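Enquirer: My questions all concern the structure below.
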Amino acid sequence: MNKDIIELNKNINIVGLHWVSRWRVNNGKKDSYVIPFATTYPINIIYHGENEFKYGQYGIHLGQQDTLTFLGDKNKKILAKFIDCRKNSPTFKSRLSFYITPSSARTLIIPPGVAHTFHHLENIFTLNNYTLFLPTIDKLASKALMWSPNNDVINLPEDIDIDDIDGYEPMTEEASDLVYHRIADIQHGILSQHAFLHSETRKIRLDDGDEVNLRFREKITENQKRQLPISTILGVAFRDIPTMQTGKESGIVPLTRKSPMYLVEHGNEDYNFDSYGLHLGQEDHLTFLGDASSEITLKLVDMREGSATLFCEDEITFKPLPNMELVIPCGVAHALFNMANIITVNRPVIYLDEEKEYIPGHDVIDWEIANKNYQAYCTNKIEADLGYYQFIVSKQKEIIKQKPTHHTPKSIIIYGKNNKPIKVLIKEKV
C-alpha cells in the first residue's frame, strides 16, 4: 500500500470504510495508463451529467459492498458523506465527511450498512465493481427478514438526526460466481426494455407499528432514439448499451460481459498516434468517458483476410457517451485522435486460434499509419468461454500483486528472409 493511501485511511473513523491502491501501468506517455479490472463479474459505470449534481439523500446497501473508482478532472473536489448504520458495528452512528479528488490510482470500499452520499459529481464518472452478500441460511428462513435483492437500497434524508437511526443488519454471506453471472444475464435482458427510473427504497412505519420497506419508481418519459455513427467497414458498429436512468442526465450502465475489463486513461494532452492498433484475437468493445462536447476521430483499415471490405479505409468523428459502445472486430486496424482527457473502457470478446490459445500481451500489432502497403491477416475464430476468461482473471490477479516492471509493449512487424513478416514485441522498463 502506498503512502498516499495510508495517509487517506488514517483519518477514516468508520470500520471497514477504506481506500485501496489500484494497479496501473504507464501507457507510453505522461499521465496515460492502462488499468485492469480482474473480474468476470458485472461492473457499473455511473454517470451524472454536466449540471450540478448531488444525490440529496443517503443510500444504504445491505447486500452490496460498493467498490468505487472516481474518474474525471483531477482538480475536482467531490464531497463524500458517511454514517455507520450497522447496529452491531463498533463505530455505529459515527459520521464522517471528506473530499475526494478523481483518480484511477485508488478505489474506495464502502461496506454494506454504511450510508453514503456525494455532492459535486457533475462531469464525474464512477466505476463500481461491487461485491454482493446474501443472508445466512438462518436469516433466509426467518419471517422477520425484510431484505431482498430488489429492495437492497434504503434511502435516508441527508439531514437525518443521528438518534433517529435504529440500525440495520447487513447480509454477511459472500455471493458465488453463479449469483454474479445470473444477475448479469438478468440485467442484460431487463434493461433493454425497462420503463422506470432507478428506484428509491424507504422504511415506512404502519399504523399498527409494523415497519415495511416500500420501493418508489418514476416512469421514464419516452426519448427519441439517437442517431449513432455508421462505418463502411463490415462489422464495425456503434451500439447503445442498455442503461438504468437515474435522472434526466444521469444513469447506471451495467457492463455485463463476462470478460475481464480494463481502462485506458489518455492523459491531459492531445497526442497523435503514428500507428494503427490491430488485434487478431480481441474484438474491442469500447466505451468513451469524457466531456460530451469533445470530438474524437477514429481511423480504420480492414486487414481481415477474406473480408468483403478488405483494405477499405474509414474515418469517423463522434462524441463520447457513457452508454454507447464501439465494436471493432479482430483484424480491423484502428487509431483514435483527440483523446486528451478521455478514458476508454474496454470489455472485449476474446477469440482463440486453432490450438485454442491466446496470449493477451502479444496480440496487438502496431501498423504505421503512413504504410499503405496493407497486409491481410488471418484472425482467430474460436470464441473464448467463461472458463478461459476465469483463467485470464487468475493470471491478472497474480500480476497485479507486483509493481509494474515495464510500460505497455509496442508490437511491430519486420520482414526477414523471403520477405516473411515477423512480429517483434518492444517493452520499455519502468
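A note on labels: chains of the C-alpha cells are A, B, ... as shown, every chain counts residues from 1, and ligands are counted from 1 in their shown order.
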Which range 97-150 of chain A residues have any atom within 12 Å of an atom of range 62-68 of chain A, and for each, what is the nearest pair of atoms with distance in Å to one decimal, counting only C-alpha atoms, rows sorted by chain and number, as JSON lines?

Expert:
```
{"residue": "A:Ile100", "atom": "CA", "partner": "A:Leu68", "partner_atom": "CA", "distance": 11.3}
{"residue": "A:Pro102", "atom": "CA", "partner": "A:Leu68", "partner_atom": "CA", "distance": 10.5}
{"residue": "A:Ser103", "atom": "CA", "partner": "A:Leu68", "partner_atom": "CA", "distance": 10.7}
{"residue": "A:Ser104", "atom": "CA", "partner": "A:Leu68", "partner_atom": "CA", "distance": 10.1}
{"residue": "A:Ala105", "atom": "CA", "partner": "A:Leu68", "partner_atom": "CA", "distance": 11.5}
{"residue": "A:Arg106", "atom": "CA", "partner": "A:Leu68", "partner_atom": "CA", "distance": 8.7}
{"residue": "A:Thr107", "atom": "CA", "partner": "A:Leu68", "partner_atom": "CA", "distance": 5.4}
{"residue": "A:Leu108", "atom": "CA", "partner": "A:Leu68", "partner_atom": "CA", "distance": 5.0}
{"residue": "A:Ile109", "atom": "CA", "partner": "A:Thr67", "partner_atom": "CA", "distance": 4.7}
{"residue": "A:Ile110", "atom": "CA", "partner": "A:Asp66", "partner_atom": "CA", "distance": 5.1}
{"residue": "A:Pro111", "atom": "CA", "partner": "A:Gln65", "partner_atom": "CA", "distance": 4.7}
{"residue": "A:Pro112", "atom": "CA", "partner": "A:Leu62", "partner_atom": "CA", "distance": 4.9}
{"residue": "A:Gly113", "atom": "CA", "partner": "A:Leu62", "partner_atom": "CA", "distance": 5.3}
{"residue": "A:Val114", "atom": "CA", "partner": "A:Leu62", "partner_atom": "CA", "distance": 8.6}
{"residue": "A:Ala115", "atom": "CA", "partner": "A:Leu62", "partner_atom": "CA", "distance": 9.9}
{"residue": "A:His116", "atom": "CA", "partner": "A:Asp66", "partner_atom": "CA", "distance": 10.1}
{"residue": "A:Phe118", "atom": "CA", "partner": "A:Leu68", "partner_atom": "CA", "distance": 12.0}
{"residue": "A:Ile124", "atom": "CA", "partner": "A:Leu68", "partner_atom": "CA", "distance": 11.9}
{"residue": "A:Phe125", "atom": "CA", "partner": "A:Leu68", "partner_atom": "CA", "distance": 9.9}
{"residue": "A:Thr126", "atom": "CA", "partner": "A:Leu68", "partner_atom": "CA", "distance": 6.3}
{"residue": "A:Leu127", "atom": "CA", "partner": "A:Leu68", "partner_atom": "CA", "distance": 5.6}
{"residue": "A:Asn128", "atom": "CA", "partner": "A:Leu68", "partner_atom": "CA", "distance": 4.7}
{"residue": "A:Asn129", "atom": "CA", "partner": "A:Thr67", "partner_atom": "CA", "distance": 5.5}
{"residue": "A:Tyr130", "atom": "CA", "partner": "A:Asp66", "partner_atom": "CA", "distance": 4.8}
{"residue": "A:Thr131", "atom": "CA", "partner": "A:Gln65", "partner_atom": "CA", "distance": 5.0}
{"residue": "A:Leu132", "atom": "CA", "partner": "A:Gln64", "partner_atom": "CA", "distance": 4.6}
{"residue": "A:Phe133", "atom": "CA", "partner": "A:Gly63", "partner_atom": "CA", "distance": 4.6}
{"residue": "A:Leu134", "atom": "CA", "partner": "A:Gly63", "partner_atom": "CA", "distance": 6.0}
{"residue": "A:Pro135", "atom": "CA", "partner": "A:Gly63", "partner_atom": "CA", "distance": 8.1}
{"residue": "A:Thr136", "atom": "CA", "partner": "A:Gly63", "partner_atom": "CA", "distance": 11.5}
{"residue": "A:Leu145", "atom": "CA", "partner": "A:Leu62", "partner_atom": "CA", "distance": 11.8}
{"residue": "A:Met146", "atom": "CA", "partner": "A:Leu62", "partner_atom": "CA", "distance": 10.7}
{"residue": "A:Trp147", "atom": "CA", "partner": "A:Leu62", "partner_atom": "CA", "distance": 7.8}
{"residue": "A:Ser148", "atom": "CA", "partner": "A:Gly63", "partner_atom": "CA", "distance": 8.5}
{"residue": "A:Pro149", "atom": "CA", "partner": "A:Gly63", "partner_atom": "CA", "distance": 7.3}
{"residue": "A:Asn150", "atom": "CA", "partner": "A:Gly63", "partner_atom": "CA", "distance": 10.4}
```

Enquirer: Determine, counting only C-alpha atoms, which protein, DNA and RNA residues have an atom within 12 Å of an atom of Ile252 in chain A; residues of the same chain fewer than 4 positions away are not included. Present the result as a ChimeraX atom specification.

Expert: /A:42-49,125-128,187,191,197-199,241-247,322-323

Enquirer: If we count only C-alpha atoms and set the cut-off at 12 Å, which residues sit around Glu122 in chain A, ignoring sequence neighbours fewer than 4 positions away in its own chain? Please answer as a list in words.

Expert: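 Counting only the stated atoms, we get Ile46, Tyr47, His48, Gly49, Glu50, Asn51, Glu52, Phe53, Lys54, Tyr55, Phe70, Leu71, Gly72, Asp73, Lys76, Lys77, Ile78, Leu79, Pro102, Phe118, Thr126, Glu249, Ser250, Gly290, Asp291 and Ala292 of chain A.
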
Enquirer: Would you put the residues from that selection into a file with C-alpha atoms, as a PDB file, in the first residue's frame?

Expert:
```pdb
ATOM      1  CA  ILE A  46     -22.345   5.630 -13.177  1.00  0.00           C
ATOM      2  CA  TYR A  47     -22.603   8.962 -14.990  1.00  0.00           C
ATOM      3  CA  HIS A  48     -24.006  12.180 -13.518  1.00  0.00           C
ATOM      4  CA  GLY A  49     -24.384  14.689 -16.359  1.00  0.00           C
ATOM      5  CA  GLU A  50     -22.877  18.134 -16.739  1.00  0.00           C
ATOM      6  CA  ASN A  51     -25.148  20.212 -14.487  1.00  0.00           C
ATOM      7  CA  GLU A  52     -24.775  20.479 -10.711  1.00  0.00           C
ATOM      8  CA  PHE A  53     -25.336  17.030  -9.220  1.00  0.00           C
ATOM      9  CA  LYS A  54     -25.877  15.708  -5.722  1.00  0.00           C
ATOM     10  CA  TYR A  55     -27.985  12.806  -4.510  1.00  0.00           C
ATOM     11  CA  PHE A  70     -13.862   8.112  -9.410  1.00  0.00           C
ATOM     12  CA  LEU A  71     -12.796   9.339 -12.851  1.00  0.00           C
ATOM     13  CA  GLY A  72     -12.682  12.904 -14.157  1.00  0.00           C
ATOM     14  CA  ASP A  73     -10.900  16.226 -13.733  1.00  0.00           C
ATOM     15  CA  LYS A  76     -12.370  18.471  -8.976  1.00  0.00           C
ATOM     16  CA  LYS A  77     -13.409  18.196  -5.302  1.00  0.00           C
ATOM     17  CA  ILE A  78     -16.214  15.717  -4.568  1.00  0.00           C
ATOM     18  CA  LEU A  79     -17.814  15.957  -1.123  1.00  0.00           C
ATOM     19  CA  PRO A 102     -10.828  11.756  -9.005  1.00  0.00           C
ATOM     20  CA  PHE A 118     -21.894  12.582  -2.642  1.00  0.00           C
ATOM     21  CA  THR A 126     -17.816   6.379 -11.198  1.00  0.00           C
ATOM     22  CA  GLU A 249     -28.749  13.414 -17.335  1.00  0.00           C
ATOM     23  CA  SER A 250     -27.658  10.574 -15.047  1.00  0.00           C
ATOM     24  CA  GLY A 290     -15.185  12.344 -21.139  1.00  0.00           C
ATOM     25  CA  ASP A 291     -16.590  15.783 -21.861  1.00  0.00           C
ATOM     26  CA  ALA A 292     -19.692  15.336 -24.020  1.00  0.00           C
TER      27      ALA A 292
END
```

Enquirer: Using only C-alpha atoms, which residue out of A:Ser394, A:Thr287, A:Thr117, A:Thr232 lies closest to Thr344 in chain A?

Expert: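 Closest to Thr344 in chain A, using only C-alpha atoms: A:Thr287.
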
Enquirer: Per DSSP on the backbone, what are the strand (DSSP E) residues of range 60-300 of chain A, as number ranges by chain?

Expert: A: 60-61, 64-71, 78-84, 95-100, 106-110, 114-119, 125-128, 131-134, 153-157, 173-174, 200-205, 211-216, 237-240, 244-245, 251-255, 261-265, 275-279, 282-289, 296-300

Enquirer: I'd like a table as CSV: residues in range 241-307 of chain A with an atom no more than 7 Å from range 363-387 of chain A, each row giving the shortest atom pair and its distance in Å to one decimal, only C-alpha atoms counted, sorted by chain and rising residue number.

Expert:
```
residue,atom,partner,partner_atom,distance
A:Lys258,CA,A:Leu386,CA,6.8
A:Asp274,CA,A:Ile369,CA,5.8
A:Ser275,CA,A:Glu368,CA,4.1
A:Tyr276,CA,A:Trp367,CA,5.0
A:Gly277,CA,A:Asp366,CA,5.0
A:Leu278,CA,A:Ile365,CA,5.0
A:His279,CA,A:Val364,CA,4.8
A:Leu280,CA,A:Thr379,CA,4.7
A:Gly281,CA,A:Asn380,CA,5.1
A:Met303,CA,A:Ala376,CA,4.8
A:Arg304,CA,A:Tyr377,CA,5.3
A:Glu305,CA,A:Ala376,CA,4.8
```

Enquirer: Can you check which residues of range 28-197 of chain A DSSP gives as helix (DSSP H, G or I) on the backbone and send them as a list in words?

Expert: Ile137, Asp138, Lys139, Leu140, Pro149, Asn150, Asn151, Ile162, Asp163, Asp164, Asp177, Leu178, Val179, Tyr180, His181, Arg182, Ile183, Ala184, Asp185, Ile186, Gln187, His188, Gly189, Ile190 and Leu191 of chain A

Enquirer: Restricting the output to C-alpha atoms, write the selected residues as a short mmCIF file (atom, residue, chain, number, x, y, z; two decimals), in the first residue's frame.

Expert:
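See again.cif below for the written result:
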```
data_model
loop_
_atom_site.label_atom_id
_atom_site.label_comp_id
_atom_site.auth_asym_id
_atom_site.auth_seq_id
_atom_site.Cartn_x
_atom_site.Cartn_y
_atom_site.Cartn_z
CA ILE A 137 -29.47 -19.79 5.97
CA ASP A 138 -30.97 -18.93 9.37
CA LYS A 139 -31.90 -15.41 8.27
CA LEU A 140 -33.21 -16.63 4.94
CA PRO A 149 -32.18 -8.07 -3.77
CA ASN A 150 -34.97 -5.94 -5.29
CA ASN A 151 -35.08 -3.52 -2.33
CA ILE A 162 -28.40 10.55 14.30
CA ASP A 163 -30.69 9.49 17.15
CA ASP A 164 -33.40 8.54 14.65
CA ASP A 177 -19.80 -16.77 -9.19
CA LEU A 178 -23.18 -18.19 -10.18
CA VAL A 179 -25.03 -15.29 -8.50
CA TYR A 180 -22.98 -12.61 -10.28
CA HIS A 181 -23.30 -14.25 -13.67
CA ARG A 182 -27.04 -14.84 -13.24
CA ILE A 183 -27.52 -11.19 -12.26
CA ALA A 184 -25.55 -10.13 -15.35
CA ASP A 185 -27.88 -12.17 -17.57
CA ILE A 186 -30.99 -10.74 -15.88
CA GLN A 187 -29.72 -7.15 -16.12
CA HIS A 188 -28.92 -7.52 -19.80
CA GLY A 189 -32.40 -8.89 -20.52
CA ILE A 190 -34.42 -6.49 -18.40
CA LEU A 191 -32.67 -3.18 -19.09
#
```

Enquirer: Between A:Leu228, A:Ile342, A:Leu326, A:Val332, which has the minimum distance to Ser32 in chain A (counting only C-alpha atoms)?

Expert: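 Smallest distance to Ser32 in chain A is found for A:Ile342.
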
Enquirer: Could you jot down the CA of Pro320 in chain A to CA of Ala80 in chain A separation for me, Å, one decimal place?

Expert: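 Taking CA of Pro320 in chain A as the start and CA of Ala80 in chain A as the end point, the length is 26.5 Å.
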
Enquirer: Please report the interatomic distance between CA of Thr39 in chain A and CA of Ile343 in chain A in Å with one decimal.

Expert: 19.2 Å

Enquirer: For a test of reading the model, state the distance in Å between CA of Val393 in chain A and CA of Thr172 in chain A, rounded to one decimal.

Expert: 24.6 Å
